[in-house]
file model.csv (CSV, N, CA and C atoms)
chain,number,residue,atom,x,y,z
A,1,MET,N,91.2,122.1,129.3
A,1,MET,CA,90.5,123.2,128.8
A,1,MET,C,90.5,123.2,127.3
A,2,LYS,N,89.4,123.7,126.7
A,2,LYS,CA,89.3,123.7,125.2
A,2,LYS,C,90.2,124.7,124.6
A,3,GLY,N,90.9,124.3,123.5
A,3,GLY,CA,91.8,125.1,122.8
A,3,GLY,C,93.2,125.4,123.4
A,4,LYS,N,93.4,124.8,124.6
A,4,LYS,CA,94.7,125.0,125.2
A,4,LYS,C,95.6,123.8,125.0
A,5,ARG,N,96.8,124.0,124.6
A,5,ARG,CA,97.7,122.8,124.3
A,5,ARG,C,98.7,122.7,125.4
A,6,GLU,N,99.0,121.5,125.8
A,6,GLU,CA,100.0,121.2,126.8
A,6,GLU,C,101.4,121.3,126.1
A,7,THR,N,102.3,121.9,126.8
A,7,THR,CA,103.7,122.1,126.3
A,7,THR,C,104.4,120.8,126.1
A,8,LEU,N,104.0,119.7,126.8
A,8,LEU,CA,104.7,118.5,126.7
A,8,LEU,C,104.3,117.8,125.4
A,9,ASP,N,103.2,118.0,124.9
A,9,ASP,CA,102.7,117.3,123.7
A,9,ASP,C,103.1,118.0,122.4
A,10,TYR,N,103.3,119.2,122.4
A,10,TYR,CA,103.6,120.0,121.2
A,10,TYR,C,104.9,120.8,121.4
A,11,ASP,N,105.5,121.1,120.3
A,11,ASP,CA,106.8,121.8,120.4
A,11,ASP,C,106.4,123.3,120.5
A,12,VAL,N,107.4,124.2,120.5
A,12,VAL,CA,107.2,125.6,120.8
A,12,VAL,C,106.3,126.2,119.7
A,13,ALA,N,106.3,125.8,118.5
A,13,ALA,CA,105.5,126.4,117.4
A,13,ALA,C,104.0,125.9,117.5
A,14,GLY,N,103.8,124.9,118.3
A,14,GLY,CA,102.4,124.4,118.5
A,14,GLY,C,102.1,123.3,117.5
A,15,THR,N,103.0,122.7,116.9
A,15,THR,CA,102.8,121.6,115.9
A,15,THR,C,102.9,120.3,116.5
A,16,PRO,N,102.3,119.2,116.0
A,16,PRO,CA,102.4,117.9,116.5
A,16,PRO,C,103.9,117.4,116.6
A,17,PRO,N,104.2,116.5,117.5
A,17,PRO,CA,105.6,116.1,117.7
A,17,PRO,C,106.2,115.3,116.6
A,18,VAL,N,105.4,114.9,115.6
A,18,VAL,CA,105.9,114.0,114.5
A,18,VAL,C,105.7,114.8,113.2
A,19,SER,N,106.8,115.0,112.5
A,19,SER,CA,106.7,115.7,111.3
A,19,SER,C,106.2,114.8,110.1
A,20,ARG,N,105.9,115.5,109.0
A,20,ARG,CA,105.5,114.7,107.8
A,20,ARG,C,106.7,113.9,107.3
A,21,ALA,N,107.9,114.4,107.4
A,21,ALA,CA,109.0,113.7,106.9
A,21,ALA,C,109.2,112.4,107.7
A,22,THR,N,109.0,112.5,109.0
A,22,THR,CA,109.2,111.3,109.8
A,22,THR,C,108.1,110.3,109.5
A,23,SER,N,106.9,110.8,109.2
A,23,SER,CA,105.8,109.8,108.9
A,23,SER,C,106.1,109.2,107.5
A,24,ARG,N,106.6,110.0,106.6
A,24,ARG,CA,106.9,109.4,105.2
A,24,ARG,C,108.1,108.4,105.3
A,25,PHE,N,109.1,108.7,106.1
A,25,PHE,CA,110.2,107.8,106.3
A,25,PHE,C,109.7,106.5,106.9
A,26,SER,N,108.9,106.6,107.9
A,26,SER,CA,108.5,105.3,108.6
A,26,SER,C,107.5,104.5,107.7
A,27,LEU,N,106.8,105.2,106.8
A,27,LEU,CA,105.9,104.5,105.9
A,27,LEU,C,106.6,103.9,104.7
A,28,LEU,N,107.6,104.6,104.1
A,28,LEU,CA,108.2,104.2,102.9
A,28,LEU,C,109.5,103.4,103.0
A,29,ALA,N,110.2,103.6,104.1
A,29,ALA,CA,111.6,103.1,104.2
A,29,ALA,C,111.7,101.6,104.1
A,30,GLY,N,110.7,100.9,104.7
A,30,GLY,CA,110.8,99.4,104.7
A,30,GLY,C,110.6,98.8,103.2
A,31,GLY,N,109.7,99.4,102.5
A,31,GLY,CA,109.5,99.0,101.1
A,31,GLY,C,110.8,99.3,100.2
A,32,ILE,N,111.3,100.5,100.5
A,32,ILE,CA,112.5,100.9,99.7
A,32,ILE,C,113.7,99.9,100.1
A,33,ALA,N,113.8,99.6,101.4
A,33,ALA,CA,114.9,98.7,101.8
A,33,ALA,C,114.7,97.3,101.2
A,34,TRP,N,113.5,96.8,101.1
A,34,TRP,CA,113.3,95.5,100.5
A,34,TRP,C,113.7,95.6,99.0
A,35,PHE,N,113.2,96.6,98.3
A,35,PHE,CA,113.6,96.8,96.9
A,35,PHE,C,115.1,96.9,96.7
A,36,LEU,N,115.8,97.6,97.5
A,36,LEU,CA,117.2,97.7,97.4
A,36,LEU,C,117.9,96.4,97.7
A,37,HIS,N,117.3,95.6,98.7
A,37,HIS,CA,117.9,94.3,99.0
A,37,HIS,C,117.7,93.4,97.8
A,38,LEU,N,116.5,93.4,97.2
A,38,LEU,CA,116.2,92.5,96.1
A,38,LEU,C,117.2,92.8,94.9
A,39,ILE,N,117.4,94.1,94.6
A,39,ILE,CA,118.3,94.4,93.5
A,39,ILE,C,119.7,94.1,93.8
A,40,ALA,N,120.1,94.5,95.1
A,40,ALA,CA,121.5,94.3,95.5
A,40,ALA,C,121.9,92.8,95.5
A,41,VAL,N,121.1,91.9,96.0
A,41,VAL,CA,121.5,90.5,96.1
A,41,VAL,C,121.4,89.9,94.7
A,42,TYR,N,120.6,90.4,93.8
A,42,TYR,CA,120.6,89.9,92.4
A,42,TYR,C,121.9,90.3,91.8
A,43,VAL,N,122.3,91.5,91.9
A,43,VAL,CA,123.5,92.0,91.2
A,43,VAL,C,124.7,91.3,91.9
A,44,ILE,N,124.8,91.2,93.2
A,44,ILE,CA,125.9,90.6,93.8
A,44,ILE,C,126.0,89.1,93.5
A,45,GLY,N,124.9,88.4,93.5
A,45,GLY,CA,124.9,87.0,93.2
A,45,GLY,C,125.3,86.7,91.8
A,46,GLU,N,124.7,87.4,90.9
A,46,GLU,CA,125.0,87.2,89.5
A,46,GLU,C,126.4,87.6,89.1
A,47,PHE,N,126.7,88.9,89.3
A,47,PHE,CA,128.0,89.4,88.8
A,47,PHE,C,129.2,89.0,89.7
A,48,GLY,N,128.9,88.7,91.0
A,48,GLY,CA,130.0,88.3,91.9
A,48,GLY,C,130.5,86.9,91.5
A,49,CYS,N,129.6,86.0,91.1
A,49,CYS,CA,130.0,84.7,90.7
A,49,CYS,C,130.8,84.8,89.4
A,50,VAL,N,130.3,85.6,88.5
A,50,VAL,CA,130.9,85.7,87.1
A,50,VAL,C,132.3,86.4,87.3
A,51,ALA,N,132.4,87.3,88.2
A,51,ALA,CA,133.7,88.0,88.3
A,51,ALA,C,134.7,87.2,89.1
A,52,GLY,N,134.3,86.1,89.7
A,52,GLY,CA,135.3,85.3,90.4
A,52,GLY,C,135.4,85.6,91.9
A,53,TRP,N,134.4,86.4,92.4
A,53,TRP,CA,134.4,86.7,93.9
A,53,TRP,C,134.2,85.5,94.7
A,54,GLY,N,133.6,84.5,94.1
A,54,GLY,CA,133.4,83.2,94.9
A,54,GLY,C,134.7,82.5,95.2
A,55,GLU,N,135.8,82.8,94.6
A,55,GLU,CA,137.0,82.2,94.8
A,55,GLU,C,137.8,82.9,95.9
A,56,TRP,N,137.5,84.1,96.2
A,56,TRP,CA,138.2,84.8,97.3
A,56,TRP,C,137.6,84.5,98.6
A,57,ILE,N,138.3,83.8,99.5
A,57,ILE,CA,137.8,83.3,100.8
A,57,ILE,C,138.4,84.2,101.9
A,58,VAL,N,137.5,84.7,102.7
A,58,VAL,CA,138.0,85.5,103.8
A,58,VAL,C,137.1,85.0,105.0
A,59,GLY,N,137.8,84.6,106.0
A,59,GLY,CA,137.1,84.1,107.2
A,59,GLY,C,136.2,82.9,107.0
A,60,GLY,N,136.5,82.1,106.0
A,60,GLY,CA,135.8,80.9,105.7
A,60,GLY,C,134.6,81.1,104.8
A,61,LEU,N,134.3,82.4,104.4
A,61,LEU,CA,133.2,82.7,103.5
A,61,LEU,C,133.8,83.4,102.3
A,62,SER,N,133.1,83.2,101.1
A,62,SER,CA,133.6,83.9,99.9
A,62,SER,C,133.2,85.4,100.0
A,63,MET,N,133.8,86.2,99.1
A,63,MET,CA,133.5,87.6,99.1
A,63,MET,C,132.0,87.8,98.6
A,64,VAL,N,131.5,86.9,97.8
A,64,VAL,CA,130.1,87.0,97.4
A,64,VAL,C,129.2,86.9,98.7
A,65,ALA,N,129.5,85.9,99.5
A,65,ALA,CA,128.7,85.7,100.8
A,65,ALA,C,128.9,86.9,101.7
A,66,TRP,N,130.1,87.5,101.8
A,66,TRP,CA,130.2,88.6,102.7
A,66,TRP,C,129.5,89.8,102.1
A,67,SER,N,129.5,90.0,100.8
A,67,SER,CA,128.7,91.1,100.2
A,67,SER,C,127.2,90.9,100.4
A,68,LEU,N,126.7,89.7,100.3
A,68,LEU,CA,125.3,89.4,100.5
A,68,LEU,C,124.9,89.6,102.0
A,69,ILE,N,125.8,89.2,102.9
A,69,ILE,CA,125.5,89.5,104.3
A,69,ILE,C,125.5,91.0,104.6
A,70,ALA,N,126.4,91.7,104.0
A,70,ALA,CA,126.4,93.2,104.2
A,70,ALA,C,125.2,93.8,103.7
A,71,ALA,N,124.8,93.4,102.5
A,71,ALA,CA,123.5,94.0,101.9
A,71,ALA,C,122.3,93.6,102.8
A,72,THR,N,122.3,92.4,103.3
A,72,THR,CA,121.1,92.0,104.1
A,72,THR,C,121.1,92.8,105.4
A,73,VAL,N,122.3,92.9,106.1
A,73,VAL,CA,122.3,93.6,107.3
A,73,VAL,C,121.9,95.1,107.2
A,74,LEU,N,122.5,95.7,106.1
A,74,LEU,CA,122.2,97.1,105.9
A,74,LEU,C,120.7,97.4,105.6
A,75,THR,N,120.1,96.6,104.7
A,75,THR,CA,118.7,96.8,104.4
A,75,THR,C,117.8,96.4,105.5
A,76,ALA,N,118.1,95.3,106.3
A,76,ALA,CA,117.3,95.0,107.4
A,76,ALA,C,117.4,96.1,108.5
A,77,ALA,N,118.6,96.7,108.7
A,77,ALA,CA,118.7,97.8,109.6
A,77,ALA,C,117.9,99.0,109.2
A,78,LEU,N,117.8,99.3,107.9
A,78,LEU,CA,116.9,100.3,107.4
A,78,LEU,C,115.5,100.1,107.7
A,79,ALA,N,115.0,98.8,107.4
A,79,ALA,CA,113.6,98.5,107.7
A,79,ALA,C,113.4,98.5,109.2
A,80,GLY,N,114.3,98.0,110.0
A,80,GLY,CA,114.1,98.0,111.4
A,80,GLY,C,114.1,99.4,112.0
A,81,ALA,N,114.9,100.3,111.5
A,81,ALA,CA,114.9,101.7,111.9
A,81,ALA,C,113.5,102.3,111.6
A,82,ALA,N,113.0,102.0,110.4
A,82,ALA,CA,111.7,102.5,110.0
A,82,ALA,C,110.6,102.0,110.9
A,83,ALA,N,110.7,100.7,111.3
A,83,ALA,CA,109.7,100.2,112.2
A,83,ALA,C,109.8,100.8,113.6
A,84,LEU,N,111.0,101.0,114.1
A,84,LEU,CA,111.2,101.7,115.4
A,84,LEU,C,110.7,103.1,115.4
A,85,THR,N,110.9,103.8,114.2
A,85,THR,CA,110.4,105.2,114.1
A,85,THR,C,108.9,105.2,114.1
A,86,ALA,N,108.3,104.2,113.5
A,86,ALA,CA,106.8,104.1,113.5
A,86,ALA,C,106.3,103.9,114.9
A,87,VAL,N,107.0,103.1,115.7
A,87,VAL,CA,106.6,102.8,117.1
A,87,VAL,C,106.7,104.1,117.9
A,88,ARG,N,107.8,104.8,117.7
A,88,ARG,CA,108.0,106.0,118.5
A,88,ARG,C,107.0,107.1,118.1
A,89,SER,N,106.7,107.2,116.8
A,89,SER,CA,105.8,108.2,116.3
A,89,SER,C,104.4,107.9,116.9
A,90,ARG,N,104.0,106.6,116.9
A,90,ARG,CA,102.7,106.2,117.5
A,90,ARG,C,102.6,106.6,118.9
A,91,LYS,N,103.7,106.4,119.7
A,91,LYS,CA,103.6,106.8,121.1
A,91,LYS,C,103.5,108.3,121.3
A,92,LEU,N,104.3,109.0,120.5
A,92,LEU,CA,104.2,110.5,120.6
A,92,LEU,C,102.8,111.0,120.2
A,93,LEU,N,102.3,110.4,119.2
A,93,LEU,CA,101.0,110.9,118.7
A,93,LEU,C,99.8,110.5,119.6
A,94,GLY,N,100.0,109.4,120.3
A,94,GLY,CA,99.0,109.0,121.3
A,94,GLY,C,98.9,110.0,122.4
A,95,MET,N,100.0,110.7,122.7
A,95,MET,CA,99.9,111.7,123.8
A,95,MET,C,99.5,113.1,123.3
A,96,ALA,N,99.5,113.3,122.0
A,96,ALA,CA,99.3,114.6,121.5
A,96,ALA,C,97.9,114.9,120.9
A,97,LEU,N,96.9,114.2,121.3
A,97,LEU,CA,95.6,114.5,120.8
A,97,LEU,C,95.0,115.8,121.4
A,98,GLY,N,95.1,116.8,120.6
A,98,GLY,CA,94.6,118.1,121.0
A,98,GLY,C,93.2,118.4,120.3
A,99,ASP,N,92.6,119.5,120.7
A,99,ASP,CA,91.3,119.8,120.1
A,99,ASP,C,91.4,120.3,118.7
A,100,ASP,N,92.3,121.2,118.3
A,100,ASP,CA,92.3,121.8,117.0
A,100,ASP,C,92.8,120.8,115.9
A,101,GLU,N,93.8,120.1,116.3
A,101,GLU,CA,94.5,119.3,115.3
A,101,GLU,C,94.2,117.8,115.5
A,102,ALA,N,93.1,117.4,116.1
A,102,ALA,CA,92.9,116.0,116.4
A,102,ALA,C,92.8,115.1,115.2
A,103,VAL,N,92.2,115.6,114.1
A,103,VAL,CA,92.1,114.9,112.9
A,103,VAL,C,93.5,114.6,112.3
A,104,GLN,N,94.3,115.7,112.2
A,104,GLN,CA,95.6,115.6,111.6
A,104,GLN,C,96.5,114.6,112.4
A,105,VAL,N,96.4,114.7,113.7
A,105,VAL,CA,97.1,113.8,114.6
A,105,VAL,C,96.7,112.4,114.5
A,106,GLU,N,95.4,112.2,114.4
A,106,GLU,CA,94.8,110.8,114.2
A,106,GLU,C,95.2,110.2,112.9
A,107,ASN,N,95.3,111.1,111.8
A,107,ASN,CA,95.8,110.6,110.5
A,107,ASN,C,97.2,110.1,110.6
A,108,ARG,N,98.0,110.9,111.3
A,108,ARG,CA,99.4,110.6,111.4
A,108,ARG,C,99.6,109.3,112.3
A,109,ALA,N,98.8,109.2,113.3
A,109,ALA,CA,98.8,108.0,114.1
A,109,ALA,C,98.4,106.7,113.3
A,110,PHE,N,97.5,106.9,112.4
A,110,PHE,CA,97.1,105.8,111.5
A,110,PHE,C,98.3,105.4,110.6
A,111,VAL,N,98.9,106.4,110.1
A,111,VAL,CA,100.1,106.2,109.3
A,111,VAL,C,101.2,105.5,110.1
A,112,ALA,N,101.4,105.8,111.3
A,112,ALA,CA,102.4,105.2,112.2
A,112,ALA,C,102.0,103.7,112.4
A,113,ARG,N,100.8,103.4,112.6
A,113,ARG,CA,100.4,102.0,112.8
A,113,ARG,C,100.6,101.2,111.6
A,114,LEU,N,100.1,101.8,110.4
A,114,LEU,CA,100.3,101.1,109.1
A,114,LEU,C,101.8,100.9,108.8
A,115,ALA,N,102.6,101.9,109.1
A,115,ALA,CA,104.0,101.8,108.8
A,115,ALA,C,104.7,100.7,109.7
A,116,PHE,N,104.3,100.6,110.9
A,116,PHE,CA,104.8,99.6,111.8
A,116,PHE,C,104.5,98.2,111.2
A,117,LEU,N,103.3,98.0,110.8
A,117,LEU,CA,102.9,96.7,110.2
A,117,LEU,C,103.7,96.4,108.9
A,118,ALA,N,103.7,97.4,108.0
A,118,ALA,CA,104.4,97.2,106.7
A,118,ALA,C,105.9,97.0,106.9
A,119,ASN,N,106.5,97.7,107.8
A,119,ASN,CA,107.9,97.6,108.0
A,119,ASN,C,108.2,96.2,108.6
A,120,GLY,N,107.4,95.7,109.5
A,120,GLY,CA,107.6,94.4,110.0
A,120,GLY,C,107.5,93.3,108.9
A,121,VAL,N,106.6,93.5,108.0
A,121,VAL,CA,106.5,92.5,106.9
A,121,VAL,C,107.7,92.6,106.0
A,122,PHE,N,108.1,93.9,105.7
A,122,PHE,CA,109.3,94.0,104.8
A,122,PHE,C,110.6,93.5,105.5
A,123,LEU,N,110.7,93.7,106.8
A,123,LEU,CA,111.9,93.2,107.5
A,123,LEU,C,111.9,91.7,107.5
A,124,PHE,N,110.7,91.1,107.7
A,124,PHE,CA,110.6,89.6,107.6
A,124,PHE,C,111.0,89.1,106.2
A,125,VAL,N,110.5,89.8,105.2
A,125,VAL,CA,110.7,89.4,103.8
A,125,VAL,C,112.2,89.5,103.5
A,126,ILE,N,112.9,90.5,103.9
A,126,ILE,CA,114.3,90.7,103.7
A,126,ILE,C,115.1,89.6,104.3
A,127,LEU,N,114.8,89.2,105.5
A,127,LEU,CA,115.5,88.1,106.2
A,127,LEU,C,115.2,86.8,105.6
A,128,VAL,N,114.0,86.5,105.2
A,128,VAL,CA,113.6,85.2,104.6
A,128,VAL,C,114.2,85.1,103.2
A,129,GLN,N,114.2,86.2,102.5
A,129,GLN,CA,114.7,86.3,101.1
A,129,GLN,C,116.2,85.9,101.1
A,130,ALA,N,116.9,86.2,102.1
A,130,ALA,CA,118.3,85.9,102.1
A,130,ALA,C,118.7,84.5,102.3
A,131,ILE,N,117.8,83.7,102.8
A,131,ILE,CA,118.1,82.3,103.1
A,131,ILE,C,118.3,81.5,101.9
A,132,PRO,N,117.5,81.5,100.9
A,132,PRO,CA,117.8,80.6,99.7
A,132,PRO,C,119.0,81.1,98.9
A,133,ILE,N,119.3,82.4,99.0
A,133,ILE,CA,120.4,82.9,98.3
A,133,ILE,C,121.7,82.2,98.7
A,134,PHE,N,121.9,82.0,100.0
A,134,PHE,CA,123.1,81.4,100.5
A,134,PHE,C,123.1,79.9,100.1
A,135,HIS,N,121.9,79.3,99.9
A,135,HIS,CA,121.9,77.9,99.5
A,135,HIS,C,122.4,77.8,98.0
A,136,PHE,N,122.0,78.7,97.2
A,136,PHE,CA,122.4,78.7,95.8
A,136,PHE,C,123.8,79.2,95.6
A,137,LEU,N,124.4,79.8,96.6
A,137,LEU,CA,125.8,80.2,96.4
A,137,LEU,C,126.8,79.0,96.3
A,138,GLN,N,126.4,77.9,96.7
A,138,GLN,CA,127.2,76.7,96.7
A,138,GLN,C,127.6,76.4,95.2
A,139,ALA,N,126.8,76.8,94.3
A,139,ALA,CA,127.1,76.6,92.8
A,139,ALA,C,128.1,77.6,92.3
A,140,CYS,N,128.4,78.7,93.1
A,140,CYS,CA,129.2,79.8,92.6
A,140,CYS,C,130.6,79.4,92.6
call {"tool": "encode", "arguments": {"input": "model.csv", "output": "structure tokens"}}
result
Amino acid sequence: MKGKRETLDYDVAGTPPVSRATSRFSLLAGGIAWFLHLIAVYVIGEFGCVAGWGEWIVGGLSMVAWSLIAATVLTAALAGAAALTAVRSRKLLGMALGDDEAVQVENRAFVARLAFLANGVFLFVILVQAIPIFHFLQAC
């Protein structure tokens, strides 16, 4: 029926199931994670070697390597969470196409699709960016 919303697709207030904050997180978090990874690995690689962290060995790896692994895992997890949020948002928005807010819902669905693609690229870049860093750690 026209103008009637299903209770499964919308919350009690009648708004779409995906908030603007969720859309913004899923769109921006991958890029922010990549930027944080880029800055963190530069700082850890440069200052960790100068400070002598390369001489501290724990579990067969230097503290510089452990710090770089931690930075890579944390930022990859952030980008992965943003990608999963985008997938979830797209599924929810696919079910919530109503009459009154169809344009708004379709815009958020587009943002969810774009966010998934962007976060996939940023996750890939974070993981690939970490590979040469470990190669150059041998000089540390």
call {"tool": "residues_around", "arguments": {"input": "model.csv", "residues": "range 58-66 of chain A", "least_positions_apart": "3", "cutoff": "7 Å", "atoms": "all atoms listed in the file", "output": "list in words"}}
result
Ile44, Gly45, Gly48, Cys49, Trp53, Gly54, Glu55, Ile69, Ala70 and Ala71 of chain A
call {"tool": "residues_around", "arguments": {"input": "model.csv", "residues": "range 120-132 of chain A", "least_positions_apart": "3", "cutoff": "7 Å", "atoms": "all atoms listed in the file", "output": "list in words"}}
result
Gly30, Gly31, Trp34, His37, Thr72, Thr75, Ala76, Ala79, Gly80, Ala83, Ala115, Phe116, Leu117, His135, Phe136 and Leu137 of chain A
call {"tool": "closest_residue", "arguments": {"input": "model.csv", "among": "A:Ile133, A:Leu92, A:Ala112, A:Ile32", "to": "Pro17 in chain A", "atoms": "all atoms listed in the file"}}
result
A:Leu92
call {"tool": "atom_distance", "arguments": {"input": "model.csv", "atom1": "CA of Ala51 in chain A", "atom2": "CA of Ser67 in chain A"}}
result
13.3 Å
call {"tool": "atom_distance", "arguments": {"input": "model.csv", "atom1": "CA of Leu68 in chain A", "atom2": "CA of Thr85 in chain A"}}
result
25.6 Å
